[in-house]
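Have a look at query.cif below; it lists mmCIF, C-alpha atoms and all ligand atoms.
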```cif
data_data
#
loop_
_atom_site.label_atom_id
_atom_site.label_comp_id
_atom_site.auth_asym_id
_atom_site.auth_seq_id
_atom_site.Cartn_x
_atom_site.Cartn_y
_atom_site.Cartn_z
CA MET A 1 243.60 -49.15 201.76
CA THR A 2 240.17 -47.54 201.43
CA ASP A 3 239.78 -47.61 205.23
CA LEU A 4 243.17 -46.01 205.62
CA ILE A 5 242.22 -43.17 203.27
CA GLY A 6 238.97 -42.72 205.23
CA TRP A 7 240.93 -42.45 208.45
CA GLU A 8 243.44 -39.99 206.99
CA LEU A 9 240.52 -38.01 205.56
CA ASN A 10 238.85 -37.76 208.98
CA LYS A 11 242.07 -36.33 210.33
CA ALA A 12 242.19 -33.86 207.42
CA TYR A 13 239.30 -31.91 208.92
CA ASP A 14 240.76 -31.59 212.45
CA GLY A 15 241.49 -28.01 213.40
CA ILE A 16 240.70 -26.36 210.07
CA HIS A 17 240.24 -22.62 210.53
CA TRP A 18 236.72 -22.49 209.12
CA TRP A 19 236.47 -18.83 210.13
CA ALA A 20 238.97 -18.04 207.40
CA ALA A 21 236.61 -19.31 204.72
CA ALA A 22 236.33 -16.85 201.88
CA ALA A 23 235.36 -19.72 199.63
CA SER A 24 232.21 -21.60 200.46
CA ARG A 25 232.47 -23.99 203.36
CA THR A 26 230.77 -26.56 201.13
CA ILE A 27 233.61 -26.69 198.64
CA GLY A 28 236.02 -26.63 201.56
CA ALA A 29 234.40 -29.77 202.89
CA ILE A 30 234.43 -31.49 199.50
CA ILE A 31 238.03 -30.80 198.48
CA PRO A 32 239.97 -33.27 200.69
CA GLY A 33 237.65 -36.14 199.67
CA LEU A 34 237.94 -35.21 196.00
CA ILE A 35 241.74 -35.14 196.21
CA CYS A 36 241.82 -38.63 197.74
CA ALA A 37 239.17 -40.10 195.42
CA LEU A 38 240.95 -38.87 192.29
CA ASN A 39 244.46 -39.48 193.63
CA VAL A 40 245.54 -35.87 193.20
CA LYS A 41 249.25 -35.42 193.90
CA SER A 42 249.83 -31.82 192.77
CA VAL A 43 247.82 -28.64 193.09
CA ILE A 44 247.92 -25.00 192.06
CA GLU A 45 245.68 -22.49 193.75
CA ILE A 46 245.23 -18.99 192.34
CA GLY A 47 243.86 -16.62 195.00
CA ILE A 48 244.90 -17.24 198.62
CA ALA A 49 243.29 -14.41 200.68
CA ASN A 50 243.06 -15.74 204.27
CA GLY A 51 244.35 -19.16 203.31
CA PHE A 52 241.16 -21.17 203.74
CA THR A 53 241.47 -23.07 200.48
CA THR A 54 245.21 -23.38 201.09
CA GLN A 55 244.34 -25.34 204.22
CA VAL A 56 241.82 -27.67 202.69
CA LEU A 57 243.91 -28.35 199.57
CA ALA A 58 247.00 -29.06 201.69
CA ARG A 59 244.99 -31.28 204.07
CA GLY A 60 243.67 -33.23 201.11
CA LEU A 61 247.16 -33.80 199.72
CA GLN A 62 248.38 -34.90 203.12
CA ALA A 63 245.46 -37.33 203.51
CA ASN A 64 246.38 -38.75 200.12
CA GLY A 65 249.98 -39.40 201.16
CA GLY A 66 251.55 -36.00 200.39
CA GLY A 67 252.25 -33.98 197.28
CA LYS A 68 253.30 -30.70 195.76
CA MET A 69 251.36 -27.46 195.97
CA TYR A 70 251.73 -23.95 194.57
CA SER A 71 249.71 -21.00 195.90
CA CYS A 72 249.57 -17.79 193.89
CA ASP A 73 248.38 -14.36 195.01
CA ILE A 74 249.14 -10.81 194.00
CA ASN A 75 249.11 -9.86 197.67
CA GLU A 76 252.39 -10.38 199.51
CA PHE A 77 250.76 -10.78 202.91
CA ALA A 78 248.57 -13.63 201.63
CA CYS A 79 251.63 -15.37 200.14
CA THR A 80 253.34 -15.35 203.53
CA LEU A 81 250.25 -16.03 205.65
CA CYS A 82 249.37 -19.23 203.80
CA LYS A 83 252.67 -20.88 204.77
CA GLN A 84 251.32 -21.62 208.25
CA PHE A 85 248.53 -23.74 206.75
CA ILE A 86 250.73 -26.22 204.90
CA SER A 87 250.52 -29.74 206.29
CA ASP A 88 253.47 -32.09 206.80
CA GLY A 89 254.27 -34.09 203.71
CA VAL A 90 253.25 -31.29 201.38
CA GLU A 91 255.97 -29.47 199.48
CA HIS A 92 254.78 -25.89 199.04
CA GLU A 93 255.77 -22.85 197.04
CA SER A 94 254.16 -19.41 197.14
CA ILE A 95 254.03 -17.51 193.88
CA CYS A 96 253.69 -13.86 194.81
CA SER A 97 252.66 -12.41 191.47
CA ASP A 98 249.82 -11.35 189.26
CA SER A 99 248.66 -14.72 187.90
CA GLY A 100 247.99 -13.07 184.54
CA THR A 101 251.62 -12.04 184.04
CA PHE A 102 253.41 -14.86 185.90
CA ASP A 103 255.47 -17.11 183.63
CA TRP A 104 253.61 -20.39 184.14
CA LYS A 105 256.07 -22.10 181.79
CA SER A 106 258.51 -22.02 184.71
CA ILE A 107 256.40 -24.81 186.23
CA ILE A 108 257.63 -27.75 184.26
CA GLU A 109 255.71 -30.60 185.88
CA GLU A 110 252.09 -31.47 185.15
CA ILE A 111 249.56 -30.44 187.80
CA ASP A 112 246.60 -32.65 188.73
CA LEU A 113 244.25 -30.02 190.16
CA CYS A 114 243.97 -26.25 189.61
CA TYR A 115 241.83 -24.15 191.92
CA ILE A 116 240.97 -20.74 190.44
CA ASP A 117 239.71 -17.91 192.64
CA GLY A 118 241.81 -14.86 191.76
CA ASP A 119 240.84 -12.16 189.27
CA HIS A 120 237.09 -12.59 188.69
CA SER A 121 236.87 -10.54 185.49
CA TYR A 122 236.25 -12.33 182.18
CA GLU A 123 239.76 -11.50 180.93
CA GLY A 124 241.40 -12.46 184.25
CA CYS A 125 239.61 -15.78 184.53
CA LEU A 126 240.24 -16.55 180.86
CA LYS A 127 243.99 -16.10 181.39
CA ASP A 128 243.95 -18.22 184.54
CA VAL A 129 242.08 -21.10 182.89
CA LYS A 130 244.35 -20.93 179.80
CA ASN A 131 247.47 -20.98 181.96
CA CYS A 132 246.10 -23.88 184.00
CA LEU A 133 245.31 -25.84 180.84
CA ARG A 134 249.03 -25.72 179.94
CA LEU A 135 249.70 -27.75 183.08
CA ASN A 136 247.46 -30.57 181.83
CA PRO A 137 245.26 -30.89 184.95
CA LYS A 138 242.62 -33.60 185.50
CA ILE A 139 240.46 -31.21 187.52
CA ILE A 140 239.89 -27.45 187.43
CA ILE A 141 237.79 -25.92 190.19
CA VAL A 142 236.48 -22.43 189.49
CA HIS A 143 235.17 -20.52 192.46
CA ASP A 144 232.57 -17.75 192.21
CA TYR A 145 231.05 -19.49 189.25
CA ALA A 146 227.86 -17.38 189.42
CA GLY A 147 226.98 -15.04 192.27
CA GLY A 148 227.51 -11.82 190.34
CA GLN A 149 230.60 -13.01 188.45
CA PRO A 150 229.34 -13.52 184.89
CA GLY A 151 232.88 -13.19 183.50
CA VAL A 152 233.98 -16.24 185.48
CA VAL A 153 231.09 -18.31 184.14
CA GLN A 154 231.65 -17.15 180.56
CA ALA A 155 235.42 -17.66 180.55
CA SER A 156 235.40 -21.11 182.14
CA ASP A 157 232.44 -22.36 180.08
CA GLU A 158 234.12 -21.17 176.88
CA LEU A 159 237.42 -22.90 177.54
CA LEU A 160 236.12 -25.99 179.32
CA ALA A 161 233.03 -26.66 177.21
CA ASP A 162 234.03 -30.25 176.56
CA TRP A 163 234.85 -31.09 180.19
CA ASN A 164 232.41 -32.67 182.64
CA LYS A 165 231.03 -30.05 185.03
CA ILE A 166 229.36 -30.17 188.42
CA VAL A 167 228.12 -26.90 189.89
CA ILE A 168 227.93 -26.67 193.67
CA PRO A 169 225.70 -23.85 194.84
CA GLU A 170 226.08 -22.20 198.20
CA ARG A 171 224.17 -19.58 200.12
CA GLY A 172 226.74 -17.60 202.10
CA ASP A 173 226.82 -14.52 204.33
CA THR A 174 227.44 -12.30 201.31
CA GLY A 175 224.87 -13.82 198.98
CA ASP A 176 224.47 -16.76 196.65
CA TYR A 177 227.48 -18.05 194.84
CA ALA A 178 228.73 -21.29 193.44
CA CYS A 179 231.72 -23.31 192.56
CA ALA A 180 232.18 -25.36 189.40
CA ILE A 181 234.22 -28.54 189.38
CA PHE A 182 235.39 -29.36 185.84
CA GLN A 183 236.79 -32.83 185.18
CA ARG A 184 238.62 -33.72 181.97
CA ARG A 185 236.64 -36.29 179.94
C1 LIG B 201 238.31 -14.46 196.85
S1 LIG B 201 239.95 -14.32 197.35
C2 LIG B 201 240.55 -15.98 197.42
C3 LIG B 201 239.92 -16.77 198.52
C4 LIG B 201 240.59 -18.10 198.83
N1 LIG B 201 240.66 -18.95 197.66
C5 LIG B 201 239.78 -18.79 199.91
O1 LIG B 201 238.71 -19.25 199.60
O2 LIG B 201 240.20 -18.85 201.05
C6 LIG B 201 240.74 -13.70 195.92
C7 LIG B 201 242.25 -13.51 196.05
O3 LIG B 201 242.77 -13.39 194.74
C8 LIG B 201 243.83 -12.46 194.75
N2 LIG B 201 243.96 -11.94 193.38
C9 LIG B 201 243.12 -11.10 192.71
N3 LIG B 201 243.57 -10.87 191.47
C10 LIG B 201 244.72 -11.59 191.33
C11 LIG B 201 245.65 -11.77 190.29
N4 LIG B 201 245.52 -11.17 189.10
N5 LIG B 201 246.72 -12.59 190.51
C12 LIG B 201 246.89 -13.21 191.68
N6 LIG B 201 246.02 -13.08 192.72
C13 LIG B 201 244.96 -12.28 192.55
C14 LIG B 201 243.42 -11.42 195.78
O4 LIG B 201 244.56 -10.76 196.29
C15 LIG B 201 242.70 -12.28 196.83
O5 LIG B 201 243.56 -12.64 197.86
#
```
Could you render the structure from this file as structure tokens?
Ligand SMILES: C[S@@+](CC[C@H](N)C(=O)[O-])C[C@H]1O[C@@H](n2cnc3c(N)ncnc32)[C@H](O)[C@@H]1O
Amino acid sequence: MTDLIGWELNKAYDGIHWWAAAASRTIGAIIPGLICALNVKSVIEIGIANGFTTQVLARGLQANGGGKMYSCDINEFACTLCKQFISDGVEHESICSDSGTFDWKSIIEEIDLCYIDGDHSYEGCLKDVKNCLRLNPKIIIVHDYAGGQPGVVQASDELLADWNKIVIPERGDTGDYACAIFQRR
């Protein structure tokens, strides 16, 4: 079983469009393994842009035997673009809306992993983390945790103070930034 997951994971990295990476390539490389290790079956991503994290999240779900994924962006083009990055075995829905005003109660199932990389203001991130918490996730990944986004750090630390946290730093083309992986205790 473990070998099988390893094999599926290797395949998860084939042909990823790394050029599309708005998020750090480091977190992109970690995500499929994390999804398999923690048996994540459902994902919500807030902030699609070029669809880099859409790809790696979908690849991770596929490597773990499939699952359900929602991608949310305020930008209509991003909501359509990301469709091409969804792997077989992954049921996908785009939510083309402001994540702060979207009715998250319309998602009735629990979600294992939330990936937050949308509105980087304190208020925006606070709303996103609060809305994700309603979905009872095991993992919340917050991108741009640091790197000139103090609101993101403040909001996620406030609401997830009692969660385990690992911060993954990255030095990218546009400066230093980081990603925080919060795991429910
Ligand atoms: C940094 S990019 C996301 C990058 C993507 N996660 C990746 O790494 O490939 C941020 C995205 O969030 C979207 N966004 C910003 N504010 C938003 C909001 N309030 N609701 C939904 N999407 C938002 C932007 O349109 C943009 O596409």
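The closest residue to A:Thr54, picked from A:Arg134, A:Lys11, A:His92, A:His143 and counting all atoms listed in the file, is A:His92.
Taking atom CA of A:Asn39 as the reference point, atom CA of A:Ile140 is found at 14.3 Å.
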Write out as JSON, numbers by chain each polymer residue (protein, DNA or RNA) that has an atom no more than 8 Å from ligand LIG 201 (chain B), with only C-alpha atoms and all ligand atoms counted. {"A": [20, 21, 22, 23, 24, 45, 46, 47, 48, 49, 50, 51, 52, 53, 54, 72, 73, 74, 75, 78, 96, 97, 98, 99, 100, 101, 115, 116, 117, 118, 119, 120, 124, 143]}
Write a file of the selected residues as a PDB file, keeping the file's coordinate frame, keeping C-alpha atoms.
```pdb
ATOM      1  CA  ALA A  20     238.970 -18.040 207.400  1.00  0.00           C
ATOM      2  CA  ALA A  21     236.610 -19.310 204.720  1.00  0.00           C
ATOM      3  CA  ALA A  22     236.330 -16.850 201.880  1.00  0.00           C
ATOM      4  CA  ALA A  23     235.360 -19.720 199.630  1.00  0.00           C
ATOM      5  CA  SER A  24     232.210 -21.600 200.460  1.00  0.00           C
ATOM      6  CA  GLU A  45     245.680 -22.490 193.750  1.00  0.00           C
ATOM      7  CA  ILE A  46     245.230 -18.990 192.340  1.00  0.00           C
ATOM      8  CA  GLY A  47     243.860 -16.620 195.000  1.00  0.00           C
ATOM      9  CA  ILE A  48     244.900 -17.240 198.620  1.00  0.00           C
ATOM     10  CA  ALA A  49     243.290 -14.410 200.680  1.00  0.00           C
ATOM     11  CA  ASN A  50     243.060 -15.740 204.270  1.00  0.00           C
ATOM     12  CA  GLY A  51     244.350 -19.160 203.310  1.00  0.00           C
ATOM     13  CA  PHE A  52     241.160 -21.170 203.740  1.00  0.00           C
ATOM     14  CA  THR A  53     241.470 -23.070 200.480  1.00  0.00           C
ATOM     15  CA  THR A  54     245.210 -23.380 201.090  1.00  0.00           C
ATOM     16  CA  CYS A  72     249.570 -17.790 193.890  1.00  0.00           C
ATOM     17  CA  ASP A  73     248.380 -14.360 195.010  1.00  0.00           C
ATOM     18  CA  ILE A  74     249.140 -10.810 194.000  1.00  0.00           C
ATOM     19  CA  ASN A  75     249.110  -9.860 197.670  1.00  0.00           C
ATOM     20  CA  ALA A  78     248.570 -13.630 201.630  1.00  0.00           C
ATOM     21  CA  CYS A  96     253.690 -13.860 194.810  1.00  0.00           C
ATOM     22  CA  SER A  97     252.660 -12.410 191.470  1.00  0.00           C
ATOM     23  CA  ASP A  98     249.820 -11.350 189.260  1.00  0.00           C
ATOM     24  CA  SER A  99     248.660 -14.720 187.900  1.00  0.00           C
ATOM     25  CA  GLY A 100     247.990 -13.070 184.540  1.00  0.00           C
ATOM     26  CA  THR A 101     251.620 -12.040 184.040  1.00  0.00           C
ATOM     27  CA  TYR A 115     241.830 -24.150 191.920  1.00  0.00           C
ATOM     28  CA  ILE A 116     240.970 -20.740 190.440  1.00  0.00           C
ATOM     29  CA  ASP A 117     239.710 -17.910 192.640  1.00  0.00           C
ATOM     30  CA  GLY A 118     241.810 -14.860 191.760  1.00  0.00           C
ATOM     31  CA  ASP A 119     240.840 -12.160 189.270  1.00  0.00           C
ATOM     32  CA  HIS A 120     237.090 -12.590 188.690  1.00  0.00           C
ATOM     33  CA  GLY A 124     241.400 -12.460 184.250  1.00  0.00           C
ATOM     34  CA  HIS A 143     235.170 -20.520 192.460  1.00  0.00           C
TER      35      HIS A 143
END
```
Expressed in Å to a single decimal, how great is the separation between atom CA of A:Leu133 and atom CA of A:Leu159? 9.0 Å
Near A:Cys114, within 12 Å and counting only C-alpha atoms, which residues show up once chain neighbours fewer than 3 positions away are dropped, as a PyMOL selection string? chain A and resi 31+35+40-47+53-54+57+69-72+110-111+117-118+128-143+180-184
Work out how far atom CA of A:Gly28 is from atom CA of A:Asp14, in Å to one decimal. 12.9 Å
Out of A:Ala155, A:Ala146, A:Leu34, A:Ile95, which residue has the shortest atom-to-atom distance to A:Pro169 when counting only C-alpha atoms? A:Ala146
Find the residues with any atom within 9 Å of (243.4, -30.1, 202.2); use only C-alpha atoms and the coordinates as given in the file, and write the answer as a ChimeraX atom specification. /A:12-13,28,31-33,35,53-63,86-87
Same residues, C-alpha atoms, output as an mmCIF file, keeping the file's coordinate frame:
```cif
data_model
loop_
_atom_site.group_PDB
_atom_site.id
_atom_site.type_symbol
_atom_site.label_atom_id
_atom_site.label_comp_id
_atom_site.auth_asym_id
_atom_site.auth_seq_id
_atom_site.Cartn_x
_atom_site.Cartn_y
_atom_site.Cartn_z
ATOM 1 C CA ALA A 12 242.190 -33.860 207.420
ATOM 2 C CA TYR A 13 239.300 -31.910 208.920
ATOM 3 C CA GLY A 28 236.020 -26.630 201.560
ATOM 4 C CA ILE A 31 238.030 -30.800 198.480
ATOM 5 C CA PRO A 32 239.970 -33.270 200.690
ATOM 6 C CA GLY A 33 237.650 -36.140 199.670
ATOM 7 C CA ILE A 35 241.740 -35.140 196.210
ATOM 8 C CA THR A 53 241.470 -23.070 200.480
ATOM 9 C CA THR A 54 245.210 -23.380 201.090
ATOM 10 C CA GLN A 55 244.340 -25.340 204.220
ATOM 11 C CA VAL A 56 241.820 -27.670 202.690
ATOM 12 C CA LEU A 57 243.910 -28.350 199.570
ATOM 13 C CA ALA A 58 247.000 -29.060 201.690
ATOM 14 C CA ARG A 59 244.990 -31.280 204.070
ATOM 15 C CA GLY A 60 243.670 -33.230 201.110
ATOM 16 C CA LEU A 61 247.160 -33.800 199.720
ATOM 17 C CA GLN A 62 248.380 -34.900 203.120
ATOM 18 C CA ALA A 63 245.460 -37.330 203.510
ATOM 19 C CA ILE A 86 250.730 -26.220 204.900
ATOM 20 C CA SER A 87 250.520 -29.740 206.290
#
```
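Here the question is which of A:Asn64, A:Leu38, A:Leu81, A:Ala178 gets nearest to A:Trp7 using all atoms listed in the file, and that residue is A:Asn64.
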Output as a compact mmCIF listing (two decimals), keeping the file's coordinate frame: stretch 123-135 of chain A, completed with N, CA and C atoms.
```
# COMPACT_ATOMS: atom_id res chain seq x y z
N GLU A 123 238.40 -11.41 181.47
CA GLU A 123 239.76 -11.50 180.93
C GLU A 123 240.69 -12.21 181.92
N GLY A 124 240.53 -11.87 183.21
CA GLY A 124 241.40 -12.46 184.25
C GLY A 124 241.18 -13.95 184.36
N CYS A 125 239.92 -14.35 184.38
CA CYS A 125 239.61 -15.78 184.53
C CYS A 125 240.04 -16.55 183.28
N LEU A 126 239.84 -15.91 182.12
CA LEU A 126 240.24 -16.55 180.86
C LEU A 126 241.74 -16.87 180.88
N LYS A 127 242.54 -15.89 181.32
CA LYS A 127 243.99 -16.10 181.39
C LYS A 127 244.31 -17.21 182.37
N ASP A 128 243.65 -17.20 183.52
CA ASP A 128 243.95 -18.22 184.54
C ASP A 128 243.61 -19.62 184.02
N VAL A 129 242.45 -19.76 183.38
CA VAL A 129 242.08 -21.10 182.89
C VAL A 129 243.05 -21.52 181.79
N LYS A 130 243.40 -20.59 180.88
CA LYS A 130 244.35 -20.93 179.80
C LYS A 130 245.68 -21.38 180.38
N ASN A 131 246.18 -20.63 181.37
CA ASN A 131 247.47 -20.98 181.96
C ASN A 131 247.39 -22.33 182.68
N CYS A 132 246.26 -22.58 183.33
CA CYS A 132 246.10 -23.88 184.00
C CYS A 132 246.07 -25.01 182.98
N LEU A 133 245.42 -24.78 181.86
CA LEU A 133 245.31 -25.84 180.84
C LEU A 133 246.69 -26.29 180.35
N ARG A 134 247.66 -25.36 180.35
CA ARG A 134 249.03 -25.72 179.94
C ARG A 134 249.63 -26.76 180.87
N LEU A 135 249.12 -26.83 182.08
CA LEU A 135 249.70 -27.75 183.08
C LEU A 135 249.03 -29.12 183.04
```
